[in-house]
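final-v5.cif follows; it contains mmCIF, C-alpha atoms.
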data_run
loop_
_atom_site.label_atom_id
_atom_site.label_comp_id
_atom_site.auth_asym_id
_atom_site.auth_seq_id
_atom_site.Cartn_x
_atom_site.Cartn_y
_atom_site.Cartn_z
CA MET A 26 53.33 -22.89 26.11
CA THR A 27 50.76 -25.46 25.03
CA ALA A 28 49.21 -25.09 21.58
CA ARG A 29 45.48 -24.30 21.64
CA PHE A 30 43.02 -25.37 18.98
CA GLU A 31 39.42 -24.79 17.98
CA TYR A 32 37.22 -27.31 16.20
CA GLN A 33 34.36 -27.27 13.74
CA VAL A 34 32.13 -30.27 12.97
CA VAL A 35 30.24 -30.36 9.67
CA GLU A 36 27.27 -32.75 9.31
CA ILE A 37 26.64 -34.04 5.81
CA ARG A 38 23.33 -35.88 5.39
CA GLU A 39 22.93 -38.31 2.51
CA GLY A 40 19.92 -36.39 1.18
CA LEU A 41 21.97 -33.20 0.90
CA ILE A 42 24.71 -34.90 -1.08
CA GLY A 43 22.44 -36.47 -3.67
CA GLY A 44 22.72 -40.04 -2.49
CA LYS A 45 26.35 -41.01 -2.51
CA LEU A 46 29.10 -38.50 -1.74
CA SER A 47 31.47 -38.25 -4.69
CA GLY A 48 35.16 -37.56 -4.28
CA SER A 49 34.78 -34.19 -6.00
CA LYS A 50 32.02 -33.07 -3.59
CA LEU A 51 34.10 -34.09 -0.56
CA GLU A 52 37.17 -32.42 -2.07
CA LYS A 53 35.23 -29.15 -2.46
CA ILE A 54 34.15 -29.23 1.22
CA LEU A 55 37.72 -29.93 2.35
CA ASN A 56 39.23 -27.22 0.12
CA ASP A 57 36.62 -24.63 1.18
CA HIS A 58 37.53 -25.18 4.84
CA ALA A 59 41.27 -25.36 4.15
CA GLY A 60 41.03 -21.93 2.52
CA LYS A 61 39.77 -20.61 5.87
CA GLY A 62 42.65 -22.16 7.83
CA TRP A 63 40.92 -25.38 8.89
CA GLN A 64 42.76 -28.72 8.76
CA LEU A 65 40.92 -32.04 8.46
CA LYS A 66 41.02 -33.96 11.74
CA THR A 67 38.59 -36.87 11.16
CA ILE A 68 35.79 -38.12 8.93
CA THR A 69 33.26 -40.41 10.63
CA ALA A 70 30.36 -42.27 9.03
CA ALA A 71 27.38 -41.81 11.33
CA GLU A 72 23.63 -41.65 11.59
CA VAL A 73 22.93 -37.93 11.33
CA LYS A 74 19.69 -36.33 12.51
CA GLY A 75 17.30 -35.80 9.62
CA ARG A 76 15.15 -32.72 9.05
CA VAL A 77 11.78 -34.41 9.58
CA GLY A 78 10.67 -36.90 12.23
CA PRO A 79 12.60 -39.06 14.65
CA GLY A 80 15.67 -41.07 13.79
CA GLY A 81 18.47 -40.22 11.48
CA VAL A 82 19.87 -40.80 8.03
CA GLU A 83 23.23 -42.04 6.87
CA GLY A 84 25.79 -39.28 6.69
CA LEU A 85 29.23 -38.05 7.61
CA LEU A 86 30.62 -36.01 10.46
CA ILE A 87 33.67 -34.11 9.25
CA THR A 88 35.80 -32.59 12.02
CA PHE A 89 38.21 -29.74 11.29
CA GLU A 90 40.87 -28.23 13.57
CA ARG A 91 42.86 -25.01 13.52
CA PRO A 92 45.19 -23.31 15.95
CA ILE A 93 43.92 -20.39 18.02
CA GLY A 94 45.95 -17.22 17.97
#
Take the structure I supplied and represent it as structure tokens, if you would.
Amino acid sequence: MTARFEYQVVEIREGLIGGKLSGSKLEKILNDHAGKGWQLKTITAAEVKGRVGPGGVEGLLITFERPIG
């Protein structure tokens, strides 16, 4: 039987993380998700859609994975 997984992507915009993302802020995000059974899959620096107007802002896409069932 093939393992099945589900994924969750979290967008972190620079404005929401107070400029630069510190190690302790990232650690809290990772530990919060790990406590719910999610495992880190990837972290990607990307232009993330902002709240106002066109274009995006610098941010991170954090992808988590966990087995289904």
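Shell of segment 58-72 of chain A at 8 Å, with all atoms listed in the file counted and residues fewer than 5 places along the chain excluded, is A:Gly81, A:Val82, A:Glu83, A:Gly84, A:Leu85, A:Leu86, A:Ile87, A:Thr88, A:Phe89, A:Glu90, A:Arg91.
From atom CA of Ile93 of chain A back to atom CA of Glu52 of chain A, the distance works out to 24.4 Å.
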Which residues are near Pro92 of chain A? Cut-off 9 Å, only C-alpha atoms, ignore same chain within fewer than 3 positions. Put them as an mmCIF file with C-alpha atoms, in the frame of the given file.
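Done, and the output landed in part28.cif:
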data_model
loop_
_atom_site.group_PDB
_atom_site.id
_atom_site.type_symbol
_atom_site.label_atom_id
_atom_site.label_comp_id
_atom_site.auth_asym_id
_atom_site.auth_seq_id
_atom_site.Cartn_x
_atom_site.Cartn_y
_atom_site.Cartn_z
ATOM 1 C CA ALA A 28 49.210 -25.090 21.580
ATOM 2 C CA ARG A 29 45.480 -24.300 21.640
ATOM 3 C CA PHE A 30 43.020 -25.370 18.980
ATOM 4 C CA GLU A 31 39.420 -24.790 17.980
ATOM 5 C CA TYR A 32 37.220 -27.310 16.200
ATOM 6 C CA GLY A 62 42.650 -22.160 7.830
ATOM 7 C CA TRP A 63 40.920 -25.380 8.890
#
Where's the centre, and what are the edge lengths in Å to one decimal, of a box along x, y and z enclosing all listed atoms of segment 59-70 of chain A padded 8 Å per side, as JSON?
{"center_x": 36.6, "center_y": -31.4, "center_z": 7.1, "size_x": 28.4, "size_y": 37.7, "size_z": 25.2}
